[in-house]
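A.B. asks: File name model.cif; file contents mmCIF, C-alpha atoms and all ligand atoms; full text below.
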```
data_input
loop_
_atom_site.group_PDB
_atom_site.id
_atom_site.type_symbol
_atom_site.label_atom_id
_atom_site.label_comp_id
_atom_site.auth_asym_id
_atom_site.auth_seq_id
_atom_site.Cartn_x
_atom_site.Cartn_y
_atom_site.Cartn_z
ATOM 1 C CA MET A 67 0.000 0.000 0.000
ATOM 2 C CA GLY A 68 1.394 3.377 -1.012
ATOM 3 C CA LEU A 69 1.428 6.584 0.968
ATOM 4 C CA LYS A 70 -1.894 8.370 1.247
ATOM 5 C CA VAL A 71 -2.257 12.124 0.875
ATOM 6 C CA TYR A 72 -4.926 14.202 2.605
ATOM 7 C CA ILE A 73 -6.757 16.673 0.366
ATOM 8 C CA ASN A 74 -9.763 18.554 1.740
ATOM 9 C CA GLY A 75 -10.799 15.825 4.146
ATOM 10 C CA GLU A 76 -10.282 12.864 1.806
ATOM 11 C CA TYR A 77 -7.355 10.510 1.330
ATOM 12 C CA PHE A 78 -5.820 9.749 -2.047
ATOM 13 C CA GLU A 79 -3.069 7.416 -3.209
ATOM 14 C CA LYS A 80 0.118 9.359 -3.963
ATOM 15 C CA ASP A 81 -0.343 9.118 -7.761
ATOM 16 C CA GLN A 82 -3.997 10.158 -7.492
ATOM 17 C CA ALA A 83 -3.330 13.126 -5.174
ATOM 18 C CA LYS A 84 -4.011 16.041 -7.526
ATOM 19 C CA VAL A 85 -5.256 19.613 -7.583
ATOM 20 C CA SER A 86 -6.848 21.506 -10.441
ATOM 21 C CA VAL A 87 -4.773 23.412 -13.009
ATOM 22 C CA PHE A 88 -7.056 26.338 -12.114
ATOM 23 C CA ASP A 89 -5.864 26.288 -8.497
ATOM 24 C CA HIS A 90 -4.309 29.664 -7.767
ATOM 25 C CA GLY A 91 -1.622 27.908 -5.759
ATOM 26 C CA LEU A 92 -0.360 26.611 -9.107
ATOM 27 C CA LEU A 93 -1.287 29.594 -11.292
ATOM 28 C CA TYR A 94 0.061 32.314 -8.985
ATOM 29 C CA GLY A 95 1.811 30.706 -6.022
ATOM 30 C CA ASP A 96 -1.153 32.016 -4.049
ATOM 31 C CA GLY A 97 -0.974 29.959 -0.886
ATOM 32 C CA VAL A 98 1.064 29.100 2.187
ATOM 33 C CA PHE A 99 2.863 26.046 3.518
ATOM 34 C CA GLU A 100 4.729 24.448 6.383
ATOM 35 C CA GLY A 101 7.381 21.772 6.689
ATOM 36 C CA ILE A 102 7.217 19.763 9.911
ATOM 37 C CA ARG A 103 8.993 16.676 11.220
ATOM 38 C CA SER A 104 8.176 13.811 13.488
ATOM 39 C CA TYR A 105 10.721 11.814 15.441
ATOM 40 C CA SER A 106 9.801 8.372 16.807
ATOM 41 C CA ARG A 107 6.074 9.159 16.602
ATOM 42 C CA LEU A 108 6.426 12.590 18.217
ATOM 43 C CA VAL A 109 5.537 15.577 16.025
ATOM 44 C CA PHE A 110 8.145 18.225 16.782
ATOM 45 C CA LYS A 111 6.928 21.780 17.527
ATOM 46 C CA LEU A 112 3.540 21.079 15.960
ATOM 47 C CA LYS A 113 1.789 23.980 17.682
ATOM 48 C CA GLU A 114 4.483 26.418 16.536
ATOM 49 C CA HIS A 115 4.198 25.236 12.922
ATOM 50 C CA ILE A 116 0.404 25.398 12.977
ATOM 51 C CA ASP A 117 0.523 28.904 14.481
ATOM 52 C CA ARG A 118 2.957 30.036 11.775
ATOM 53 C CA LEU A 119 0.781 28.501 9.039
ATOM 54 C CA TYR A 120 -2.241 30.449 10.275
ATOM 55 C CA GLU A 121 -0.161 33.640 10.572
ATOM 56 C CA SER A 122 1.115 33.191 7.022
ATOM 57 C CA SER A 123 -2.444 32.698 5.753
ATOM 58 C CA GLN A 124 -3.625 35.738 7.708
ATOM 59 C CA GLY A 125 -0.827 37.692 6.041
ATOM 60 C CA ILE A 126 -2.298 36.935 2.616
ATOM 61 C CA MET A 127 -5.971 37.148 3.702
ATOM 62 C CA LEU A 128 -6.555 33.458 3.092
ATOM 63 C CA THR A 129 -9.054 31.852 5.455
ATOM 64 C CA ILE A 130 -8.161 28.263 6.257
ATOM 65 C CA PRO A 131 -11.419 26.270 6.337
ATOM 66 C CA LEU A 132 -10.268 24.244 9.372
ATOM 67 C CA SER A 133 -9.703 25.317 12.959
ATOM 68 C CA LYS A 134 -6.187 24.839 14.319
ATOM 69 C CA GLU A 135 -7.440 21.842 16.318
ATOM 70 C CA GLU A 136 -8.932 20.281 13.182
ATOM 71 C CA MET A 137 -5.687 20.882 11.309
ATOM 72 C CA ILE A 138 -3.703 19.163 14.078
ATOM 73 C CA LYS A 139 -6.145 16.223 13.906
ATOM 74 C CA ALA A 140 -5.686 16.001 10.123
ATOM 75 C CA VAL A 141 -1.894 15.889 10.530
ATOM 76 C CA VAL A 142 -2.012 13.230 13.237
ATOM 77 C CA ALA A 143 -4.586 11.124 11.347
ATOM 78 C CA THR A 144 -2.491 11.218 8.154
ATOM 79 C CA LEU A 145 0.641 10.141 10.036
ATOM 80 C CA LYS A 146 -1.237 7.276 11.700
ATOM 81 C CA LEU A 147 -2.793 6.144 8.439
ATOM 82 C CA ASN A 148 0.604 6.027 6.761
ATOM 83 C CA GLU A 149 2.236 4.341 9.771
ATOM 84 C CA LEU A 150 5.232 6.632 9.623
ATOM 85 C CA ASP A 151 7.455 6.728 12.715
ATOM 86 C CA ASN A 152 9.868 9.359 11.446
ATOM 87 C CA ALA A 153 8.265 11.618 8.902
ATOM 88 C CA TYR A 154 8.490 14.839 6.987
ATOM 89 C CA ILE A 155 5.103 16.532 6.926
ATOM 90 C CA ARG A 156 4.161 19.131 4.332
ATOM 91 C CA LEU A 157 1.087 21.234 4.977
ATOM 92 C CA VAL A 158 -0.131 23.253 2.015
ATOM 93 C CA VAL A 159 -3.073 25.615 1.869
ATOM 94 C CA THR A 160 -3.816 27.198 -1.486
ATOM 95 C CA ARG A 161 -6.357 29.842 -2.491
ATOM 96 C CA GLY A 162 -8.133 27.068 -4.400
ATOM 97 C CA MET A 163 -9.754 26.934 -7.839
ATOM 98 C CA GLY A 164 -10.489 30.217 -9.557
ATOM 99 C CA ASP A 165 -10.403 31.529 -13.081
ATOM 100 C CA LEU A 166 -7.370 32.675 -15.031
ATOM 101 C CA GLY A 167 -7.405 36.163 -13.507
ATOM 102 C CA LEU A 168 -5.684 37.163 -10.283
ATOM 103 C CA ASP A 169 -8.897 37.921 -8.387
ATOM 104 C CA PRO A 170 -8.819 35.832 -5.197
ATOM 105 C CA ARG A 171 -12.572 36.425 -4.729
ATOM 106 C CA LYS A 172 -13.131 33.932 -7.566
ATOM 107 C CA CYS A 173 -11.570 31.195 -5.448
ATOM 108 C CA LYS A 174 -14.421 29.978 -3.288
ATOM 109 C CA HIS A 175 -12.747 27.038 -1.548
ATOM 110 C CA ALA A 176 -9.199 26.943 -0.226
ATOM 111 C CA SER A 177 -7.409 23.629 -0.794
ATOM 112 C CA VAL A 178 -5.907 21.997 2.285
ATOM 113 C CA ILE A 179 -3.259 19.358 1.644
ATOM 114 C CA VAL A 180 -1.313 17.205 4.094
ATOM 115 C CA ILE A 181 1.543 15.185 2.631
ATOM 116 C CA THR A 182 3.516 12.871 4.886
ATOM 117 C CA ASP A 183 6.553 11.068 3.622
ATOM 118 C CA ASN A 184 9.688 9.359 4.798
ATOM 119 C CA ILE A 185 12.278 11.910 5.769
ATOM 120 C CA LYS A 186 15.207 12.235 3.387
ATOM 121 C CA LEU A 187 18.150 13.052 5.588
ATOM 122 C CA TYR A 188 21.174 15.006 4.463
ATOM 123 C CA PRO A 189 24.281 12.815 4.242
ATOM 124 C CA GLU A 190 25.902 12.269 7.650
ATOM 125 C CA LYS A 191 29.214 13.487 6.147
ATOM 126 C CA MET A 192 27.763 17.022 5.964
ATOM 127 C CA TYR A 193 27.159 17.051 9.713
ATOM 128 C CA LYS A 194 30.550 15.559 10.572
ATOM 129 C CA GLU A 195 32.666 17.684 8.245
ATOM 130 C CA GLY A 196 30.517 20.777 7.827
ATOM 131 C CA LEU A 197 29.153 22.508 4.793
ATOM 132 C CA SER A 198 30.785 25.009 2.456
ATOM 133 C CA ILE A 199 28.400 27.614 1.098
ATOM 134 C CA ILE A 200 28.530 30.637 -1.182
ATOM 135 C CA THR A 201 27.042 34.116 -1.024
ATOM 136 C CA VAL A 202 24.826 34.932 -4.002
ATOM 137 C CA PRO A 203 23.855 38.150 -5.842
ATOM 138 C CA THR A 204 20.065 37.724 -5.663
ATOM 139 C CA PRO A 205 18.899 39.532 -2.520
ATOM 140 C CA ARG A 206 16.157 38.143 -0.295
ATOM 141 C CA ASN A 207 12.729 39.603 -1.100
ATOM 142 C CA ILE A 208 12.309 43.013 0.465
ATOM 143 C CA PRO A 209 9.809 42.719 3.330
ATOM 144 C CA GLU A 210 7.897 45.790 2.129
ATOM 145 C CA ALA A 211 7.025 43.895 -1.065
ATOM 146 C CA LEU A 212 6.591 40.316 0.103
ATOM 147 C CA ASN A 213 7.564 39.653 3.681
ATOM 148 C CA PRO A 214 9.696 36.495 4.000
ATOM 149 C CA GLN A 215 7.941 35.939 7.330
ATOM 150 C CA ILE A 216 5.014 34.752 5.211
ATOM 151 C CA LYS A 217 5.883 31.184 4.268
ATOM 152 C CA SER A 218 4.150 31.455 0.921
ATOM 153 C CA LEU A 219 4.118 29.211 -2.131
ATOM 154 C CA ASN A 220 6.182 31.912 -3.874
ATOM 155 C CA TYR A 221 9.643 30.423 -3.403
ATOM 156 C CA LEU A 222 11.158 31.697 -6.647
ATOM 157 C CA ASN A 223 13.342 34.176 -4.762
ATOM 158 C CA ASN A 224 14.919 31.269 -2.891
ATOM 159 C CA ILE A 225 15.039 29.040 -5.981
ATOM 160 C CA LEU A 226 16.924 31.729 -7.952
ATOM 161 C CA ALA A 227 19.479 31.924 -5.147
ATOM 162 C CA LYS A 228 19.711 28.133 -5.080
ATOM 163 C CA ILE A 229 20.358 28.097 -8.844
ATOM 164 C CA GLU A 230 23.147 30.647 -8.381
ATOM 165 C CA ALA A 231 24.768 28.448 -5.724
ATOM 166 C CA LEU A 232 24.395 25.287 -7.813
ATOM 167 C CA ASN A 233 25.817 27.044 -10.880
ATOM 168 C CA SER A 234 28.899 27.819 -8.810
ATOM 169 C CA GLY A 235 29.195 24.264 -7.533
ATOM 170 C CA TYR A 236 27.721 24.801 -4.061
ATOM 171 C CA GLU A 237 24.673 23.175 -2.483
ATOM 172 C CA GLU A 238 23.541 26.144 -0.409
ATOM 173 C CA ALA A 239 23.405 29.921 -0.910
ATOM 174 C CA LEU A 240 23.745 32.646 1.672
ATOM 175 C CA MET A 241 21.384 35.492 0.786
ATOM 176 C CA PHE A 242 21.659 39.146 1.804
ATOM 177 C CA THR A 243 18.981 41.752 2.254
ATOM 178 C CA ALA A 244 18.609 44.409 -0.439
ATOM 179 C CA HIS A 245 20.710 46.648 1.853
ATOM 180 C CA GLY A 246 23.534 44.135 2.002
ATOM 181 C CA TYR A 247 23.026 42.623 5.443
ATOM 182 C CA VAL A 248 23.132 38.891 6.050
ATOM 183 C CA ALA A 249 19.618 37.457 5.729
ATOM 184 C CA GLU A 250 19.343 33.677 5.537
ATOM 185 C CA CYS A 251 19.950 30.699 3.288
ATOM 186 C CA THR A 252 17.452 29.369 0.736
ATOM 187 C CA GLY A 253 15.727 27.079 3.229
ATOM 188 C CA ASP A 254 17.604 27.612 6.480
ATOM 189 C CA ASN A 255 18.420 30.347 8.981
ATOM 190 C CA ILE A 256 22.023 31.284 9.747
ATOM 191 C CA PHE A 257 23.870 31.702 13.048
ATOM 192 C CA ILE A 258 27.393 32.749 13.933
ATOM 193 C CA ILE A 259 29.313 32.398 17.155
ATOM 194 C CA LYS A 260 31.720 35.166 18.077
ATOM 195 C CA ASP A 261 33.453 35.382 21.460
ATOM 196 C CA ASN A 262 30.938 32.922 22.926
ATOM 197 C CA ASN A 263 27.961 34.988 21.766
ATOM 198 C CA LEU A 264 25.376 33.294 19.591
ATOM 199 C CA ILE A 265 24.237 35.775 16.935
ATOM 200 C CA THR A 266 21.543 35.541 14.270
ATOM 201 C CA PRO A 267 19.928 38.209 12.063
ATOM 202 C CA PRO A 268 16.682 39.732 13.424
ATOM 203 C CA ALA A 269 13.411 38.779 11.718
ATOM 204 C CA PHE A 270 12.543 42.405 10.878
ATOM 205 C CA LEU A 271 15.285 42.402 8.246
ATOM 206 C CA GLY A 272 13.097 40.115 6.148
ATOM 207 C CA ILE A 273 13.786 36.468 6.938
ATOM 208 C CA LEU A 274 11.638 33.541 7.925
ATOM 209 C CA LYS A 275 11.332 33.305 11.710
ATOM 210 C CA GLY A 276 12.508 29.723 11.817
ATOM 211 C CA ILE A 277 11.092 27.372 14.404
ATOM 212 C CA THR A 278 14.411 25.544 14.640
ATOM 213 C CA ARG A 279 16.047 28.984 15.022
ATOM 214 C CA ALA A 280 13.830 29.745 18.041
ATOM 215 C CA CYS A 281 14.490 26.305 19.525
ATOM 216 C CA VAL A 282 18.266 26.663 19.181
ATOM 217 C CA MET A 283 18.181 30.164 20.719
ATOM 218 C CA ASP A 284 16.253 28.681 23.620
ATOM 219 C CA ILE A 285 18.722 25.821 24.132
ATOM 220 C CA ALA A 286 21.657 28.264 24.003
ATOM 221 C CA LYS A 287 20.048 30.637 26.524
ATOM 222 C CA LYS A 288 19.354 27.756 28.904
ATOM 223 C CA SER A 289 22.996 26.723 28.688
ATOM 224 C CA GLY A 290 23.998 30.224 29.795
ATOM 225 C CA MET A 291 25.119 31.594 26.445
ATOM 226 C CA THR A 292 24.465 35.160 25.396
ATOM 227 C CA VAL A 293 22.067 35.107 22.454
ATOM 228 C CA LYS A 294 21.698 38.147 20.221
ATOM 229 C CA GLU A 295 19.471 38.983 17.280
ATOM 230 C CA GLU A 296 21.726 41.468 15.533
ATOM 231 C CA VAL A 297 22.278 42.889 12.082
ATOM 232 C CA ILE A 298 25.394 41.183 10.729
ATOM 233 C CA THR A 299 27.504 41.727 7.638
ATOM 234 C CA ARG A 300 29.559 39.629 5.252
ATOM 235 C CA HIS A 301 32.618 40.618 7.317
ATOM 236 C CA ASN A 302 31.016 39.179 10.481
ATOM 237 C CA ILE A 303 30.476 35.879 8.675
ATOM 238 C CA TYR A 304 34.048 35.722 7.352
ATOM 239 C CA THR A 305 35.487 36.472 10.793
ATOM 240 C CA ALA A 306 33.131 34.304 12.868
ATOM 241 C CA ASP A 307 34.500 31.701 15.275
ATOM 242 C CA GLU A 308 31.788 29.261 14.247
ATOM 243 C CA CYS A 309 28.842 29.226 11.880
ATOM 244 C CA PHE A 310 25.854 26.947 11.351
ATOM 245 C CA LEU A 311 22.460 26.754 9.652
ATOM 246 C CA THR A 312 19.131 25.702 11.155
ATOM 247 C CA GLY A 313 15.957 24.346 9.598
ATOM 248 C CA THR A 314 13.308 21.707 10.097
ATOM 249 C CA ALA A 315 14.812 19.372 7.503
ATOM 250 C CA ALA A 316 18.491 20.186 8.108
ATOM 251 C CA GLU A 317 18.214 20.530 11.923
ATOM 252 C CA ILE A 318 21.587 22.125 12.803
ATOM 253 C CA ILE A 319 24.282 21.875 10.185
ATOM 254 C CA PRO A 320 27.800 23.277 10.694
ATOM 255 C CA VAL A 321 29.209 25.690 8.105
ATOM 256 C CA VAL A 322 32.980 25.551 7.709
ATOM 257 C CA GLY A 323 33.456 27.577 4.548
ATOM 258 C CA VAL A 324 31.871 30.636 2.960
ATOM 259 C CA ASP A 325 33.070 31.923 -0.436
ATOM 260 C CA LYS A 326 36.184 29.711 -0.147
ATOM 261 C CA ARG A 327 37.075 31.404 3.126
ATOM 262 C CA ILE A 328 37.611 29.055 6.037
ATOM 263 C CA ILE A 329 35.368 29.718 9.009
ATOM 264 C CA GLY A 330 36.956 29.159 12.426
ATOM 265 C CA ASP A 331 39.430 26.323 12.066
ATOM 266 C CA GLY A 332 37.627 24.703 9.140
ATOM 267 C CA LYS A 333 35.927 22.066 11.268
ATOM 268 C CA PRO A 334 32.523 22.064 12.975
ATOM 269 C CA GLY A 335 32.980 24.231 16.088
ATOM 270 C CA LYS A 336 32.745 23.031 19.682
ATOM 271 C CA ILE A 337 29.687 25.120 20.544
ATOM 272 C CA THR A 338 27.959 24.080 17.320
ATOM 273 C CA LEU A 339 28.568 20.417 18.140
ATOM 274 C CA SER A 340 27.193 20.774 21.652
ATOM 275 C CA LEU A 341 24.094 22.614 20.366
ATOM 276 C CA MET A 342 23.581 19.804 17.833
ATOM 277 C CA LYS A 343 23.730 17.251 20.642
ATOM 278 C CA GLU A 344 21.253 19.169 22.809
ATOM 279 C CA PHE A 345 18.915 19.731 19.871
ATOM 280 C CA ARG A 346 18.822 16.010 19.090
ATOM 281 C CA LYS A 347 17.920 15.340 22.724
ATOM 282 C CA VAL A 348 14.990 17.777 22.539
ATOM 283 C CA THR A 349 13.644 16.189 19.345
ATOM 284 C CA LYS A 350 13.610 12.807 21.084
ATOM 285 C CA THR A 351 11.573 13.937 24.064
ATOM 286 C CA ASP A 352 9.416 16.869 22.939
ATOM 287 C CA GLY A 353 6.381 16.638 20.720
ATOM 288 C CA VAL A 354 2.797 15.621 20.075
ATOM 289 C CA LYS A 355 2.447 11.829 20.299
ATOM 290 C CA TYR A 356 0.529 9.818 17.682
HETATM 291 N N1 LIG B 1 14.342 30.132 6.006
HETATM 292 C C1 LIG B 1 13.624 29.709 4.966
HETATM 293 C C2 LIG B 1 13.574 30.544 3.745
HETATM 294 C C3 LIG B 1 12.926 28.496 5.034
HETATM 295 O O1 LIG B 1 12.192 28.075 4.002
HETATM 296 C C4 LIG B 1 13.003 27.718 6.218
HETATM 297 C C5 LIG B 1 12.230 26.439 6.363
HETATM 298 N N2 LIG B 1 12.492 25.498 5.391
HETATM 299 C C6 LIG B 1 13.802 28.181 7.269
HETATM 300 C C7 LIG B 1 14.444 29.411 7.133
HETATM 301 C C8 LIG B 1 13.936 27.401 8.539
HETATM 302 O O2 LIG B 1 12.728 27.441 9.262
HETATM 303 P P1 LIG B 1 12.264 26.262 10.218
HETATM 304 O O3 LIG B 1 13.322 26.103 11.243
HETATM 305 O O4 LIG B 1 10.988 26.742 10.793
HETATM 306 O O5 LIG B 1 12.125 25.049 9.377
#
```
With the file now loaded, output its structure as structure tokens.
Ligand code: PMP

C.D. replies:
Amino acid sequence: MGLKVYINGEYFEKDQAKVSVFDHGLLYGDGVFEGIRSYSRLVFKLKEHIDRLYESSQGIMLTIPLSKEEMIKAVVATLKLNELDNAYIRLVVTRGMGDLGLDPRKCKHASVIVITDNIKLYPEKMYKEGLSIITVPTPRNIPEALNPQIKSLNYLNNILAKIEALNSGYEEALMFTAHGYVAECTGDNIFIIKDNNLITPPAFLGILKGITRACVMDIAKKSGMTVKEEVITRHNIYTADECFLTGTAAEIIPVVGVDKRIIGDGKPGKITLSLMKEFRKVTKTDGVKY
């Protein structure tokens, strides 16, 4: 039996899970999404992801036809049905079917989709040896135009940056704001460690307020570290003691090179490694059971 996908209250086999070509999610990227993970039948930070999904949809004036409680039930039911112990969960809400114009009023029913799948982990080598990344010319969307705090189906800004990194032979891109400050990577937030301070760019600059980011800041604070949300520059990255990325899929991944410059001593840093260890502990114990 293949994986089943939830669409508007019904379950479909993976190859039958389809939306209309008139769905504005497809035609215009008019919709929002979330990426969530479960570890050993515990959904990690489910409430935080659901809250962010509803905030994103509020940001684009899209009413989700389920209450938060109903959405949580749909996620849990889909995971149970698919008997997945460790899963990647993708929640998608689109504006729904309309006509070929932009007018969202033509879309009478939002589409709610829950996809659960086996998690594809990054190779262990990347965590042991660290990642080398590259800064790219495409700036992150300016928040006055489309705020990156809205996790919308418009990911072209990130995809263009990803293409620039791939064209240069790198897997991940570091993006700047239009004013030249460090923003985030294409699907991950960035942190540096300098003189035992943990520093990450503030959300107002125009980045996604990552849930892993918040979790890592919390772990660091509890361990007595000074945690700062501060505007940082390319120079701060190049001269950092340690650097790492955070995201639901990637968890915490050390960065050891940026633009062919070696960060720290070119190996995953001590503080990064201890945060990784603590984070893994939290994912094993925290979460909504199913
Ligand atoms: N930034 C961007 C652009 C993202 O898409 C994501 C999520 N994939 C993140 C940061 C990390 O956020 P989270 O920790 O909530 O997954």

A.B. asks: Specify the axis-aligned box that encloses all atoms of ligand LIG 1 (chain B) listed in the file after padding of 8 Å on each side, stating its centre and edge lengths in Å to one decimal as JSON.

C.D. replies:
```
{"center_x": 12.7, "center_y": 27.8, "center_z": 7.5, "size_x": 19.5, "size_y": 21.5, "size_z": 23.5}
```

A.B. asks: Apply the PyMOL selection byres (((chain A and resi 111) around 9) and not hetatm) to the displayed file and report the matching residues as a list of chain:residue names.

C.D. replies: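 Answer for the PyMOL selection byres (((chain A and resi 111) around 9) and not hetatm): A:Ile102, A:Arg103, A:Val109, A:Phe110, A:Leu112, A:Lys113, A:Glu114, A:His115, A:Ile116, A:Ile277, A:Thr278, A:Thr349, A:Asp352, A:Gly353, A:Val354.
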
A.B. asks: Could you tell me which residues the PyMOL selection byres (((chain A and resi 77-89) around 8) and not hetatm) returns for this structure, as a ChimeraX atom specification?

C.D. replies: /A:68-73,75-76,90-93,160-166

A.B. asks: Name the residues that the PyMOL selection byres (((not hetatm)) within 7 of (chain B and resi 1)) pulls out of this structure, and write them as a PyMOL selection string.

C.D. replies: chain A and resi 101+224+250-255+273-279+312-315

A.B. asks: In Å to one decimal, how far is atom CA of A:Leu264 from atom CA of A:Glu190?

C.D. replies: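 That distance, rounded to one decimal, is 24.2 Å.
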
A.B. asks: From the options A:Ile130, A:Ala239, A:Ala176, A:Ile319, which residue's atoms come nearest to A:Glu195, counting all atoms listed in the file?

C.D. replies: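 Result for the nearest residue to A:Glu195: A:Ile319.
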
A.B. asks: State, in Å with one decimal place, the distance from atom CA of A:Glu210 to atom CA of A:Ala244.

C.D. replies: 11.1 Å

A.B. asks: For atom CA of A:Ala306 and atom CA of A:Val348, determine how far apart the two atoms are, in Å to one decimal place.

C.D. replies: 26.4 Å

A.B. asks: Taking (-5.5, 25.2, 15.1) in the file's coordinates, which residues come within 12 Å, counting only C-alpha atoms, written as a list in words?

C.D. replies: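 Here is the list of nearby residues: Leu112, Lys113, Glu114, His115, Ile116, Asp117, Arg118, Leu119, Tyr120, Glu121, Ile130, Pro131, Leu132, Ser133, Lys134, Glu135, Glu136, Met137, Ile138, Lys139, Ala140 and Val141 of chain A.
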
A.B. asks: Since the input lacks some atoms of stretch 67-79 of chain A, please model N, CA, C and O atoms and print them as an mmCIF file, keeping the file's coordinate frame.

C.D. replies:
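Wrote selection-v5.cif, looks like this:
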```cif
data_model
loop_
_atom_site.group_PDB
_atom_site.id
_atom_site.type_symbol
_atom_site.label_atom_id
_atom_site.label_comp_id
_atom_site.auth_asym_id
_atom_site.auth_seq_id
_atom_site.Cartn_x
_atom_site.Cartn_y
_atom_site.Cartn_z
ATOM 1 N N MET A 67 0.847 -1.206 0.000
ATOM 2 C CA MET A 67 0.000 0.000 0.000
ATOM 3 C C MET A 67 0.885 1.261 0.000
ATOM 4 O O MET A 67 1.804 1.360 0.792
ATOM 5 N N GLY A 68 0.578 2.158 -0.911
ATOM 6 C CA GLY A 68 1.394 3.377 -1.012
ATOM 7 C C GLY A 68 0.978 4.416 0.012
ATOM 8 O O GLY A 68 0.005 4.243 0.743
ATOM 9 N N LEU A 69 1.726 5.495 0.044
ATOM 10 C CA LEU A 69 1.428 6.584 0.968
ATOM 11 C C LEU A 69 0.152 7.294 0.546
ATOM 12 O O LEU A 69 -0.093 7.506 -0.633
ATOM 13 N N LYS A 70 -0.643 7.659 1.542
ATOM 14 C CA LYS A 70 -1.894 8.370 1.247
ATOM 15 C C LYS A 70 -1.736 9.857 1.574
ATOM 16 O O LYS A 70 -1.082 10.234 2.536
ATOM 17 N N VAL A 71 -2.346 10.668 0.733
ATOM 18 C CA VAL A 71 -2.257 12.124 0.875
ATOM 19 C C VAL A 71 -3.643 12.673 1.216
ATOM 20 O O VAL A 71 -4.640 12.277 0.601
ATOM 21 N N TYR A 72 -3.665 13.566 2.192
ATOM 22 C CA TYR A 72 -4.926 14.202 2.605
ATOM 23 C C TYR A 72 -5.187 15.427 1.722
ATOM 24 O O TYR A 72 -4.339 16.307 1.608
ATOM 25 N N ILE A 73 -6.349 15.454 1.085
ATOM 26 C CA ILE A 73 -6.757 16.673 0.366
ATOM 27 C C ILE A 73 -8.201 16.974 0.746
ATOM 28 O O ILE A 73 -9.095 16.158 0.480
ATOM 29 N N ASN A 74 -8.416 18.095 1.357
ATOM 30 C CA ASN A 74 -9.763 18.554 1.740
ATOM 31 C C ASN A 74 -10.614 17.461 2.398
ATOM 32 O O ASN A 74 -11.754 17.227 2.001
ATOM 33 N N GLY A 75 -10.031 16.792 3.366
ATOM 34 C CA GLY A 75 -10.799 15.825 4.146
ATOM 35 C C GLY A 75 -10.860 14.427 3.574
ATOM 36 O O GLY A 75 -11.440 13.528 4.183
ATOM 37 N N GLU A 76 -10.274 14.214 2.392
ATOM 38 C CA GLU A 76 -10.282 12.864 1.806
ATOM 39 C C GLU A 76 -8.849 12.393 1.613
ATOM 40 O O GLU A 76 -7.929 13.204 1.504
ATOM 41 N N TYR A 77 -8.693 11.067 1.542
ATOM 42 C CA TYR A 77 -7.355 10.510 1.330
ATOM 43 C C TYR A 77 -7.226 9.939 -0.076
ATOM 44 O O TYR A 77 -8.143 9.292 -0.570
ATOM 45 N N PHE A 78 -6.083 10.216 -0.684
ATOM 46 C CA PHE A 78 -5.820 9.749 -2.047
ATOM 47 C C PHE A 78 -4.469 9.050 -2.094
ATOM 48 O O PHE A 78 -3.545 9.445 -1.388
ATOM 49 N N GLU A 79 -4.372 8.036 -2.950
ATOM 50 C CA GLU A 79 -3.069 7.416 -3.209
ATOM 51 C C GLU A 79 -2.165 8.501 -3.798
ATOM 52 O O GLU A 79 -2.655 9.399 -4.502
#
```
